[in-house]
>>> print(open('work.pdb').read())   # PDB, C-alpha atoms and all ligand atoms
ATOM      1  CA  MET U  29      97.121 168.004 210.129  1.00  0.00           C
ATOM      2  CA  THR U  30      97.105 171.515 211.541  1.00  0.00           C
ATOM      3  CA  ASP U  31     100.103 172.279 213.746  1.00  0.00           C
ATOM      4  CA  SER U  32     101.470 175.425 215.330  1.00  0.00           C
ATOM      5  CA  SER U  33     104.179 175.819 212.642  1.00  0.00           C
ATOM      6  CA  GLU U  34     101.579 176.213 209.919  1.00  0.00           C
ATOM      7  CA  GLY U  35     101.083 179.637 208.441  1.00  0.00           C
ATOM      8  CA  GLN U  36      98.003 181.354 207.212  1.00  0.00           C
ATOM      9  CA  ILE U  37      96.325 180.314 203.988  1.00  0.00           C
ATOM     10  CA  ARG U  38      96.276 183.365 201.718  1.00  0.00           C
ATOM     11  CA  GLY U  39      95.752 181.882 198.270  1.00  0.00           C
ATOM     12  CA  LYS U  40      92.672 180.271 196.735  1.00  0.00           C
ATOM     13  CA  PHE U  41      92.146 176.553 196.377  1.00  0.00           C
ATOM     14  CA  ILE U  42      90.014 175.158 193.524  1.00  0.00           C
ATOM     15  CA  THR U  43      89.414 171.465 192.822  1.00  0.00           C
ATOM     16  CA  PHE U  44      87.877 169.563 189.924  1.00  0.00           C
ATOM     17  CA  GLU U  45      85.972 166.328 190.389  1.00  0.00           C
ATOM     18  CA  GLY U  46      84.070 163.928 188.167  1.00  0.00           C
ATOM     19  CA  GLY U  47      84.010 160.447 186.719  1.00  0.00           C
ATOM     20  CA  GLU U  48      86.338 158.886 184.181  1.00  0.00           C
ATOM     21  CA  GLY U  49      86.489 160.787 180.878  1.00  0.00           C
ATOM     22  CA  SER U  50      84.754 163.885 182.216  1.00  0.00           C
ATOM     23  CA  GLY U  51      87.455 166.166 180.764  1.00  0.00           C
ATOM     24  CA  LYS U  52      88.828 167.442 184.075  1.00  0.00           C
ATOM     25  CA  SER U  53      92.477 167.609 183.039  1.00  0.00           C
ATOM     26  CA  THR U  54      91.729 169.804 180.007  1.00  0.00           C
ATOM     27  CA  GLN U  55      89.607 172.179 182.073  1.00  0.00           C
ATOM     28  CA  VAL U  56      92.109 172.328 184.949  1.00  0.00           C
ATOM     29  CA  SER U  57      94.761 173.541 182.478  1.00  0.00           C
ATOM     30  CA  ARG U  58      92.412 176.028 180.817  1.00  0.00           C
ATOM     31  CA  LEU U  59      91.358 177.555 184.132  1.00  0.00           C
ATOM     32  CA  ALA U  60      94.988 177.732 185.286  1.00  0.00           C
ATOM     33  CA  GLU U  61      95.883 179.570 182.054  1.00  0.00           C
ATOM     34  CA  ARG U  62      93.027 182.032 182.473  1.00  0.00           C
ATOM     35  CA  LEU U  63      94.042 182.769 186.060  1.00  0.00           C
ATOM     36  CA  LYS U  64      97.653 183.297 184.986  1.00  0.00           C
ATOM     37  CA  ASP U  65      96.507 185.637 182.197  1.00  0.00           C
ATOM     38  CA  ALA U  66      94.569 187.564 184.838  1.00  0.00           C
ATOM     39  CA  GLY U  67      97.843 188.064 186.722  1.00  0.00           C
ATOM     40  CA  TYR U  68      97.657 185.436 189.462  1.00  0.00           C
ATOM     41  CA  ALA U  69     100.418 183.024 190.462  1.00  0.00           C
ATOM     42  CA  VAL U  70      98.981 179.549 189.882  1.00  0.00           C
ATOM     43  CA  VAL U  71     100.008 176.020 190.782  1.00  0.00           C
ATOM     44  CA  GLU U  72      98.367 173.335 188.666  1.00  0.00           C
ATOM     45  CA  THR U  73      98.404 169.877 190.198  1.00  0.00           C
ATOM     46  CA  ARG U  74      96.602 166.539 190.407  1.00  0.00           C
ATOM     47  CA  GLU U  75      95.645 163.638 192.626  1.00  0.00           C
ATOM     48  CA  PRO U  76      96.513 160.952 193.273  1.00  0.00           C
ATOM     49  CA  GLY U  77      99.994 162.395 192.911  1.00  0.00           C
ATOM     50  CA  GLY U  78     101.262 165.962 192.707  1.00  0.00           C
ATOM     51  CA  SER U  79     104.452 165.376 194.735  1.00  0.00           C
ATOM     52  CA  PRO U  80     107.192 162.768 194.090  1.00  0.00           C
ATOM     53  CA  LYS U  81     106.107 160.478 196.934  1.00  0.00           C
ATOM     54  CA  ALA U  82     102.422 160.830 196.095  1.00  0.00           C
ATOM     55  CA  GLU U  83     103.169 160.048 192.412  1.00  0.00           C
ATOM     56  CA  ALA U  84     104.898 156.831 193.544  1.00  0.00           C
ATOM     57  CA  ILE U  85     101.795 155.894 195.555  1.00  0.00           C
ATOM     58  CA  ARG U  86      99.644 156.738 192.495  1.00  0.00           C
ATOM     59  CA  LYS U  87     101.559 154.241 190.357  1.00  0.00           C
ATOM     60  CA  PHE U  88     101.220 151.569 193.022  1.00  0.00           C
ATOM     61  CA  ILE U  89      97.450 152.032 193.454  1.00  0.00           C
ATOM     62  CA  LEU U  90      96.545 152.418 189.762  1.00  0.00           C
ATOM     63  CA  ALA U  91      98.539 149.309 188.862  1.00  0.00           C
ATOM     64  CA  GLY U  92      96.129 147.482 191.172  1.00  0.00           C
ATOM     65  CA  GLU U  93      98.874 146.547 193.661  1.00  0.00           C
ATOM     66  CA  ALA U  94      96.724 147.435 196.684  1.00  0.00           C
ATOM     67  CA  GLU U  95      93.435 146.081 195.354  1.00  0.00           C
ATOM     68  CA  GLY U  96      93.807 142.739 197.129  1.00  0.00           C
ATOM     69  CA  LYS U  97      94.219 144.517 200.462  1.00  0.00           C
ATOM     70  CA  GLY U  98      90.736 145.967 200.154  1.00  0.00           C
ATOM     71  CA  PRO U  99      89.173 149.436 199.997  1.00  0.00           C
ATOM     72  CA  ARG U 100      90.253 150.459 203.535  1.00  0.00           C
ATOM     73  CA  ALA U 101      93.894 149.935 202.605  1.00  0.00           C
ATOM     74  CA  GLU U 102      93.396 151.847 199.357  1.00  0.00           C
ATOM     75  CA  ALA U 103      91.685 154.686 201.259  1.00  0.00           C
ATOM     76  CA  MET U 104      94.679 154.875 203.607  1.00  0.00           C
ATOM     77  CA  LEU U 105      97.084 154.975 200.672  1.00  0.00           C
ATOM     78  CA  PHE U 106      95.147 157.777 198.974  1.00  0.00           C
ATOM     79  CA  ALA U 107      95.181 159.660 202.297  1.00  0.00           C
ATOM     80  CA  ALA U 108      98.946 159.137 202.728  1.00  0.00           C
ATOM     81  CA  ALA U 109      99.544 160.432 199.195  1.00  0.00           C
ATOM     82  CA  ARG U 110      97.267 163.401 199.893  1.00  0.00           C
ATOM     83  CA  MET U 111      99.028 164.247 203.153  1.00  0.00           C
ATOM     84  CA  ASP U 112     102.383 164.465 201.353  1.00  0.00           C
ATOM     85  CA  HIS U 113     100.879 166.457 198.481  1.00  0.00           C
ATOM     86  CA  VAL U 114      99.221 168.944 200.868  1.00  0.00           C
ATOM     87  CA  ASP U 115     102.331 169.317 203.057  1.00  0.00           C
ATOM     88  CA  ARG U 116     104.837 169.663 200.228  1.00  0.00           C
ATOM     89  CA  LYS U 117     102.953 171.458 197.505  1.00  0.00           C
ATOM     90  CA  ILE U 118      99.430 172.689 198.211  1.00  0.00           C
ATOM     91  CA  ARG U 119      99.843 174.314 201.626  1.00  0.00           C
ATOM     92  CA  PRO U 120     103.176 176.041 200.828  1.00  0.00           C
ATOM     93  CA  ALA U 121     101.610 177.487 197.665  1.00  0.00           C
ATOM     94  CA  LEU U 122      98.489 178.695 199.491  1.00  0.00           C
ATOM     95  CA  GLU U 123     100.556 180.193 202.308  1.00  0.00           C
ATOM     96  CA  THR U 124     102.471 182.307 199.785  1.00  0.00           C
ATOM     97  CA  GLY U 125      99.251 183.582 198.240  1.00  0.00           C
ATOM     98  CA  LYS U 126      99.231 181.395 195.138  1.00  0.00           C
ATOM     99  CA  TRP U 127      96.142 179.881 193.572  1.00  0.00           C
ATOM    100  CA  VAL U 128      96.064 176.094 193.484  1.00  0.00           C
ATOM    101  CA  VAL U 129      94.007 174.275 190.842  1.00  0.00           C
ATOM    102  CA  CYS U 130      93.872 170.541 191.510  1.00  0.00           C
ATOM    103  CA  ASP U 131      92.550 167.677 189.367  1.00  0.00           C
ATOM    104  CA  ARG U 132      90.697 165.557 191.983  1.00  0.00           C
ATOM    105  CA  PHE U 133      91.028 165.880 195.757  1.00  0.00           C
ATOM    106  CA  MET U 134      89.294 164.693 198.920  1.00  0.00           C
ATOM    107  CA  ASP U 135      85.858 164.263 197.299  1.00  0.00           C
ATOM    108  CA  SER U 136      87.249 161.490 195.090  1.00  0.00           C
ATOM    109  CA  THR U 137      88.122 159.472 198.206  1.00  0.00           C
ATOM    110  CA  ARG U 138      84.655 160.128 199.634  1.00  0.00           C
ATOM    111  CA  VAL U 139      83.052 158.847 196.442  1.00  0.00           C
ATOM    112  CA  TYR U 140      85.378 156.087 195.201  1.00  0.00           C
ATOM    113  CA  GLN U 141      86.451 154.613 198.545  1.00  0.00           C
ATOM    114  CA  GLY U 142      83.448 155.900 200.513  1.00  0.00           C
ATOM    115  CA  MET U 143      81.203 153.453 198.681  1.00  0.00           C
ATOM    116  CA  HIS U 144      82.938 150.636 200.589  1.00  0.00           C
ATOM    117  CA  VAL U 145      84.430 152.278 203.691  1.00  0.00           C
ATOM    118  CA  ASP U 146      82.392 153.730 206.585  1.00  0.00           C
ATOM    119  CA  GLY U 147      81.947 157.493 206.755  1.00  0.00           C
ATOM    120  CA  SER U 148      83.713 157.951 210.098  1.00  0.00           C
ATOM    121  CA  THR U 149      86.909 156.362 208.709  1.00  0.00           C
ATOM    122  CA  ILE U 150      86.734 158.594 205.630  1.00  0.00           C
ATOM    123  CA  ASP U 151      86.167 161.637 207.902  1.00  0.00           C
ATOM    124  CA  LEU U 152      89.211 160.769 209.998  1.00  0.00           C
ATOM    125  CA  LEU U 153      91.492 160.162 207.009  1.00  0.00           C
ATOM    126  CA  GLU U 154      90.303 163.431 205.447  1.00  0.00           C
ATOM    127  CA  LYS U 155      91.000 165.359 208.640  1.00  0.00           C
ATOM    128  CA  MET U 156      94.484 163.860 208.922  1.00  0.00           C
ATOM    129  CA  ALA U 157      95.441 164.433 205.286  1.00  0.00           C
ATOM    130  CA  VAL U 158      93.739 167.744 204.569  1.00  0.00           C
ATOM    131  CA  GLY U 159      93.489 169.640 207.881  1.00  0.00           C
ATOM    132  CA  ASP U 160      92.262 173.126 207.061  1.00  0.00           C
ATOM    133  CA  CYS U 161      93.499 172.986 203.427  1.00  0.00           C
ATOM    134  CA  ARG U 162      90.025 172.737 201.970  1.00  0.00           C
ATOM    135  CA  PRO U 163      88.910 173.906 198.538  1.00  0.00           C
ATOM    136  CA  GLU U 164      86.693 176.977 198.380  1.00  0.00           C
ATOM    137  CA  LEU U 165      85.379 176.027 194.952  1.00  0.00           C
ATOM    138  CA  THR U 166      84.883 172.538 193.537  1.00  0.00           C
ATOM    139  CA  VAL U 167      83.832 172.108 189.916  1.00  0.00           C
ATOM    140  CA  LEU U 168      82.019 168.818 189.367  1.00  0.00           C
ATOM    141  CA  LEU U 169      82.035 167.816 185.700  1.00  0.00           C
ATOM    142  CA  ASP U 170      79.024 165.564 185.293  1.00  0.00           C
ATOM    143  CA  ILE U 171      78.728 162.956 182.537  1.00  0.00           C
ATOM    144  CA  SER U 172      76.979 159.590 182.241  1.00  0.00           C
ATOM    145  CA  ALA U 173      79.246 156.691 183.143  1.00  0.00           C
ATOM    146  CA  LYS U 174      78.925 155.104 179.702  1.00  0.00           C
ATOM    147  CA  GLU U 175      79.789 158.246 177.777  1.00  0.00           C
ATOM    148  CA  GLY U 176      82.675 159.046 180.124  1.00  0.00           C
ATOM    149  CA  LEU U 177      84.150 155.561 179.879  1.00  0.00           C
ATOM    150  CA  ASP U 178      83.857 155.582 176.076  1.00  0.00           C
ATOM    151  CA  ARG U 179      85.766 158.858 175.999  1.00  0.00           C
ATOM    152  CA  ALA U 180      88.417 157.564 178.429  1.00  0.00           C
ATOM    153  CA  ILE U 181      88.965 154.441 176.316  1.00  0.00           C
ATOM    154  CA  LYS U 182      89.295 156.500 173.117  1.00  0.00           C
ATOM    155  CA  ARG U 183      91.714 158.860 174.836  1.00  0.00           C
ATOM    156  CA  SER U 184      93.948 156.035 176.074  1.00  0.00           C
ATOM    157  CA  ARG U 185      94.262 154.589 172.531  1.00  0.00           C
ATOM    158  CA  GLY U 186      94.357 150.952 173.585  1.00  0.00           C
ATOM    159  CA  ALA U 187      96.574 151.413 176.658  1.00  0.00           C
ATOM    160  CA  ARG U 188      95.769 149.054 179.541  1.00  0.00           C
ATOM    161  CA  ARG U 189      92.897 150.345 181.634  1.00  0.00           C
ATOM    162  CA  ASP U 190      93.809 151.179 185.236  1.00  0.00           C
ATOM    163  CA  ARG U 191      92.497 149.702 188.493  1.00  0.00           C
ATOM    164  CA  PHE U 192      89.346 151.861 188.433  1.00  0.00           C
ATOM    165  CA  GLU U 193      88.711 152.302 184.703  1.00  0.00           C
ATOM    166  CA  LYS U 194      88.258 148.562 184.279  1.00  0.00           C
ATOM    167  CA  GLU U 195      85.347 148.370 186.733  1.00  0.00           C
ATOM    168  CA  ASP U 196      81.786 147.773 185.545  1.00  0.00           C
ATOM    169  CA  VAL U 197      79.753 150.660 184.125  1.00  0.00           C
ATOM    170  CA  SER U 198      77.185 150.210 186.944  1.00  0.00           C
ATOM    171  CA  VAL U 199      79.893 150.950 189.538  1.00  0.00           C
ATOM    172  CA  HIS U 200      80.832 154.113 187.645  1.00  0.00           C
ATOM    173  CA  GLU U 201      77.176 155.139 187.438  1.00  0.00           C
ATOM    174  CA  ALA U 202      76.844 154.718 191.232  1.00  0.00           C
ATOM    175  CA  ARG U 203      79.881 156.982 191.631  1.00  0.00           C
ATOM    176  CA  ARG U 204      78.270 159.590 189.412  1.00  0.00           C
ATOM    177  CA  GLU U 205      75.195 159.574 191.686  1.00  0.00           C
ATOM    178  CA  ALA U 206      77.424 159.801 194.785  1.00  0.00           C
ATOM    179  CA  PHE U 207      79.236 162.842 193.355  1.00  0.00           C
ATOM    180  CA  LEU U 208      75.920 164.540 192.568  1.00  0.00           C
ATOM    181  CA  LYS U 209      74.623 163.837 196.081  1.00  0.00           C
ATOM    182  CA  LEU U 210      77.790 165.211 197.637  1.00  0.00           C
ATOM    183  CA  ALA U 211      77.522 168.357 195.507  1.00  0.00           C
ATOM    184  CA  GLU U 212      73.895 168.784 196.509  1.00  0.00           C
ATOM    185  CA  SER U 213      74.844 168.594 200.190  1.00  0.00           C
ATOM    186  CA  GLN U 214      77.431 171.418 199.846  1.00  0.00           C
ATOM    187  CA  PRO U 215      76.016 173.901 197.341  1.00  0.00           C
ATOM    188  CA  GLU U 216      78.185 176.716 198.713  1.00  0.00           C
ATOM    189  CA  ARG U 217      81.330 174.909 197.536  1.00  0.00           C
ATOM    190  CA  PHE U 218      80.253 172.926 194.468  1.00  0.00           C
ATOM    191  CA  VAL U 219      79.359 174.015 190.962  1.00  0.00           C
ATOM    192  CA  VAL U 220      77.948 171.186 188.828  1.00  0.00           C
ATOM    193  CA  LEU U 221      78.402 171.481 185.060  1.00  0.00           C
ATOM    194  CA  ASP U 222      77.389 169.362 182.094  1.00  0.00           C
ATOM    195  CA  ALA U 223      80.615 167.764 180.851  1.00  0.00           C
ATOM    196  CA  THR U 224      79.096 166.793 177.487  1.00  0.00           C
ATOM    197  CA  LYS U 225      79.258 170.426 176.335  1.00  0.00           C
ATOM    198  CA  PHE U 226      82.012 171.529 173.976  1.00  0.00           C
ATOM    199  CA  PRO U 227      85.266 172.155 175.896  1.00  0.00           C
ATOM    200  CA  ARG U 228      85.252 175.858 174.955  1.00  0.00           C
ATOM    201  CA  ALA U 229      81.694 176.369 176.284  1.00  0.00           C
ATOM    202  CA  LEU U 230      82.576 174.532 179.465  1.00  0.00           C
ATOM    203  CA  GLU U 231      85.717 176.609 179.877  1.00  0.00           C
ATOM    204  CA  LEU U 232      83.650 179.798 179.794  1.00  0.00           C
ATOM    205  CA  GLU U 233      81.142 178.451 182.310  1.00  0.00           C
ATOM    206  CA  ILE U 234      83.956 177.487 184.669  1.00  0.00           C
ATOM    207  CA  TRP U 235      85.581 180.896 184.330  1.00  0.00           C
ATOM    208  CA  ASP U 236      82.248 182.535 185.054  1.00  0.00           C
ATOM    209  CA  ALA U 237      81.762 180.391 188.170  1.00  0.00           C
ATOM    210  CA  CYS U 238      85.279 181.227 189.328  1.00  0.00           C
ATOM    211  CA  GLN U 239      84.808 184.965 188.803  1.00  0.00           C
ATOM    212  CA  LYS U 240      81.564 184.875 190.759  1.00  0.00           C
ATOM    213  CA  ARG U 241      82.917 182.780 193.623  1.00  0.00           C
ATOM    214  CA  PHE U 242      86.002 184.939 194.117  1.00  0.00           C
ATOM    215  CA  ASN U 243      84.562 188.295 193.050  1.00  0.00           C
ATOM    216  CA  LEU U 244      87.029 188.700 190.196  1.00  0.00           C
ATOM    217  CA  SER U 245      86.332 191.551 187.834  1.00  0.00           C
TER     218      SER U 245
HETATM  219  P1  LIG U 301      92.550 160.140 187.229  1.00  0.00           P
HETATM  220  O1  LIG U 301      92.183 159.104 186.217  1.00  0.00           O
HETATM  221  O2  LIG U 301      91.602 161.267 187.331  1.00  0.00           O
HETATM  222  O3  LIG U 301      93.985 160.552 187.117  1.00  0.00           O
HETATM  223  O4  LIG U 301      92.420 159.430 188.672  1.00  0.00           O
HETATM  224  C1  LIG U 301      92.947 158.188 188.914  1.00  0.00           C
HETATM  225  C2  LIG U 301      91.934 157.244 189.502  1.00  0.00           C
HETATM  226  O5  LIG U 301      92.032 157.236 190.929  1.00  0.00           O
HETATM  227  C3  LIG U 301      90.483 157.539 189.159  1.00  0.00           C
HETATM  228  O6  LIG U 301      89.893 156.331 188.700  1.00  0.00           O
HETATM  229  C4  LIG U 301      89.874 157.909 190.479  1.00  0.00           C
HETATM  230  C5  LIG U 301      90.746 157.255 191.500  1.00  0.00           C
HETATM  231  N1  LIG U 301      90.808 157.940 192.800  1.00  0.00           N
HETATM  232  C6  LIG U 301      90.277 157.335 193.924  1.00  0.00           C
HETATM  233  O7  LIG U 301      89.736 156.240 193.842  1.00  0.00           O
HETATM  234  N2  LIG U 301      90.364 157.997 195.124  1.00  0.00           N
HETATM  235  C7  LIG U 301      90.980 159.197 195.261  1.00  0.00           C
HETATM  236  O8  LIG U 301      91.036 159.749 196.369  1.00  0.00           O
HETATM  237  C8  LIG U 301      91.538 159.808 194.074  1.00  0.00           C
HETATM  238  C9  LIG U 301      92.204 161.140 194.179  1.00  0.00           C
HETATM  239  C10 LIG U 301      91.428 159.163 192.873  1.00  0.00           C
END
>>> encode(input="work.pdb", output="structure tokens")
Amino acid sequence: MTDSSEGQIRGKFITFEGGEGSGKSTQVSRLAERLKDAGYAVVETREPGGSPKAEAIRKFILAGEAEGKGPRAEAMLFAAARMDHVDRKIRPALETGKWVVCDRFMDSTRVYQGMHVDGSTIDLLEKMAVGDCRPELTVLLDISAKEGLDRAIKRSRGARRDRFEKEDVSVHEARREAFLKLAESQPERFVVLDATKFPRALELEIWDACQKRFNLS
């Protein structure tokens, strides 16, 4: 939450969103590398997690420990993790002029928990956790739920699927639609890209979008 001790945000904040197996993590790292090569100081991070306390909450949620408490409780836990992550890592980096590239952020709560929790609760949690630390660019990597889940299963090589991965493909497809709708409602912030393209082609499209959004030469 904004308070008088907070300094000015001078860096740039970029987030990646998308369904399971959309290739976000790979592209987050590639964009971070490109920005570093261009001479910027970059912090690469992820949600849920990104700070020690938030990583502990991540483990708890993804193990399904909060599932029985319902989606409101899960939404509050994601918000608590986010608040710590913003306070300890994202805001300090932005205040010192660094670029922050984050794998998932507030839009994931709006889509995953927002399907079951009313919008005013999501708005309030977002305001409390995020304050004015809002991304200027959000890359949505779009892929069909089936293809994304197949990729995620291959990638995990038989490891147990987490709390969300094990849900039905129809639930994942509804999330895909919700992400697309959200992106459509905020075209100034979102760039939607086809995540089925080869990683290298996608990387170039993301770099292009980033250069345009921030007027990089
Ligand atoms: P990951 O697989 O991208 O690391 O994300 C972990 C899972 O947590 C993923 O299934 C999406 C879910 N999630 C939410 O439900 N709400 C949130 O706010 C965030 C950040 C992630």
>>> axis_aligned_box(input="work.pdb", around="segment 99-112 of chain U", padding_each_side="3 Å", output="JSON")
{"center_x": 95.8, "center_y": 157.0, "center_z": 201.3, "size_x": 19.2, "size_y": 21.0, "size_z": 10.6}
>>> residues_around(input="work.pdb", residues="Ala82 of chain U", least_positions_apart="4", cutoff="8 Å", atoms="all atoms listed in the file", output="list in words")
Pro76, Gly77, Gly78, Arg86, Ala108, Ala109, Arg110, Asp112 and His113 of chain U
>>> residues_around(input="work.pdb", residues="Asp151 of chain U", least_positions_apart="4", cutoff="12 Å", atoms="all atoms listed in the file", output="list in words")
Ala103, Met104, Ala107, Met134, Asp135, Thr137, Arg138, Gln141, Gly142, Val145, Asp146, Gly147, Lys155, Met156, Ala157, Val158 and Gly159 of chain U
>>> atom_distance(input="work.pdb", atom1="atom CA of Gln239 of chain U", atom2="atom CA of Val114 of chain U")
24.7 Å
>>> resolve_selection(input="work.pdb", expression="the PyMOL selection byres (((chain U and resi 209) around 12) and not hetatm)", output="PyMOL selection string")
chain U and resi 135+138-139+168+170+202-208+210-215+218+220
>>> resolve_selection(input="work.pdb", expression="the PyMOL selection byres (((chain U and resi 55) around 10) and not hetatm)", output="PyMOL selection string")
chain U and resi 44+50-54+56-61+131+167+169+227-228+230-232+234-235
>>> resolve_selection(input="work.pdb", expression="the PyMOL selection byres (((chain U and resi 173-187) around 8) and not hetatm)", output="list in words")
Gly47, Glu48, Gly49, Ser50, Ile171, Ser172, Arg188, Arg189, Glu193, Val197, Ser198, His200, Glu201 and Arg204 of chain U
>>> atom_distance(input="work.pdb", atom1="atom CA of Lys194 of chain U", atom2="atom C7 of ligand LIG 301 (chain U)")
15.5 Å
>>> residues_around(input="work.pdb", residues="segment 70-72 of chain U", least_positions_apart="6", cutoff="7 Å", atoms="all atoms listed in the file", output="list in words")
Ala60, Lys64, Lys126, Trp127, Val128, Val129 and Cys130 of chain U
>>> atom_distance(input="work.pdb", atom1="atom CA of Glu123 of chain U", atom2="atom O3 of ligand LIG 301 (chain U)")
25.7 Å
>>> closest_residue(input="work.pdb", among="U:Thr73, U:Ser136, U:Gln36, U:Ser79", to="ligand LIG 301 (chain U)", atoms="all atoms listed in the file")
U:Ser136
>>> closest_residue(input="work.pdb", among="U:Pro99, U:Gly67, U:Gly39, U:Pro120", to="ligand LIG 301 (chain U)", atoms="all atoms listed in the file")
U:Pro99
>>> closest_residue(input="work.pdb", among="U:Ala66, U:Leu122, U:Ala223, U:Met143", to="Asp160 of chain U", atoms="only C-alpha atoms")
U:Leu122
>>> closest_residue(input="work.pdb", among="U:Phe41, U:Phe192, U:Leu105, U:Glu34", to="Lys81 of chain U", atoms="all atoms listed in the file")
U:Leu105
>>> decode(input="work.pdb", residues="segment 113-124 of chain U", atoms="N, CA, C and O atoms", output="PDB file, in the first residue's frame")
ATOM      1  N   HIS U 113       6.425  -9.592  -1.658  1.00  0.00           N
ATOM      2  CA  HIS U 113       7.273  -9.547  -2.855  1.00  0.00           C
ATOM      3  C   HIS U 113       7.446  -8.100  -3.349  1.00  0.00           C
ATOM      4  O   HIS U 113       8.558  -7.665  -3.674  1.00  0.00           O
ATOM      5  N   VAL U 114       6.331  -7.355  -3.386  1.00  0.00           N
ATOM      6  CA  VAL U 114       6.391  -5.957  -3.838  1.00  0.00           C
ATOM      7  C   VAL U 114       7.233  -5.138  -2.867  1.00  0.00           C
ATOM      8  O   VAL U 114       8.141  -4.400  -3.274  1.00  0.00           O
ATOM      9  N   ASP U 115       6.953  -5.287  -1.555  1.00  0.00           N
ATOM     10  CA  ASP U 115       7.655  -4.470  -0.552  1.00  0.00           C
ATOM     11  C   ASP U 115       9.147  -4.765  -0.503  1.00  0.00           C
ATOM     12  O   ASP U 115       9.958  -3.865  -0.330  1.00  0.00           O
ATOM     13  N   ARG U 116       9.497  -6.048  -0.607  1.00  0.00           N
ATOM     14  CA  ARG U 116      10.903  -6.426  -0.390  1.00  0.00           C
ATOM     15  C   ARG U 116      11.741  -6.424  -1.654  1.00  0.00           C
ATOM     16  O   ARG U 116      12.946  -6.244  -1.584  1.00  0.00           O
ATOM     17  N   LYS U 117      11.108  -6.676  -2.786  1.00  0.00           N
ATOM     18  CA  LYS U 117      11.935  -6.854  -3.986  1.00  0.00           C
ATOM     19  C   LYS U 117      11.553  -5.912  -5.136  1.00  0.00           C
ATOM     20  O   LYS U 117      12.412  -5.224  -5.688  1.00  0.00           O
ATOM     21  N   ILE U 118      10.266  -5.885  -5.481  1.00  0.00           N
ATOM     22  CA  ILE U 118       9.897  -5.148  -6.700  1.00  0.00           C
ATOM     23  C   ILE U 118      10.039  -3.641  -6.501  1.00  0.00           C
ATOM     24  O   ILE U 118      10.720  -2.964  -7.273  1.00  0.00           O
ATOM     25  N   ARG U 119       9.401  -3.117  -5.451  1.00  0.00           N
ATOM     26  CA  ARG U 119       9.444  -1.658  -5.254  1.00  0.00           C
ATOM     27  C   ARG U 119      10.871  -1.142  -5.029  1.00  0.00           C
ATOM     28  O   ARG U 119      11.279  -0.173  -5.686  1.00  0.00           O
ATOM     29  N   PRO U 120      11.664  -1.791  -4.154  1.00  0.00           N
ATOM     30  CA  PRO U 120      13.047  -1.299  -3.982  1.00  0.00           C
ATOM     31  C   PRO U 120      13.816  -1.277  -5.309  1.00  0.00           C
ATOM     32  O   PRO U 120      14.586  -0.349  -5.561  1.00  0.00           O
ATOM     33  N   ALA U 121      13.599  -2.289  -6.146  1.00  0.00           N
ATOM     34  CA  ALA U 121      14.311  -2.312  -7.436  1.00  0.00           C
ATOM     35  C   ALA U 121      13.841  -1.158  -8.320  1.00  0.00           C
ATOM     36  O   ALA U 121      14.654  -0.436  -8.910  1.00  0.00           O
ATOM     37  N   LEU U 122      12.534  -0.952  -8.387  1.00  0.00           N
ATOM     38  CA  LEU U 122      11.994   0.117  -9.245  1.00  0.00           C
ATOM     39  C   LEU U 122      12.416   1.501  -8.739  1.00  0.00           C
ATOM     40  O   LEU U 122      12.671   2.412  -9.518  1.00  0.00           O
ATOM     41  N   GLU U 123      12.495   1.640  -7.423  1.00  0.00           N
ATOM     42  CA  GLU U 123      12.877   2.942  -6.859  1.00  0.00           C
ATOM     43  C   GLU U 123      14.335   3.277  -7.160  1.00  0.00           C
ATOM     44  O   GLU U 123      14.710   4.437  -7.177  1.00  0.00           O
ATOM     45  N   THR U 124      15.157   2.230  -7.387  1.00  0.00           N
ATOM     46  CA  THR U 124      16.564   2.516  -7.714  1.00  0.00           C
ATOM     47  C   THR U 124      16.801   2.485  -9.231  1.00  0.00           C
ATOM     48  O   THR U 124      17.939   2.385  -9.691  1.00  0.00           O
TER      49      THR U 124
END
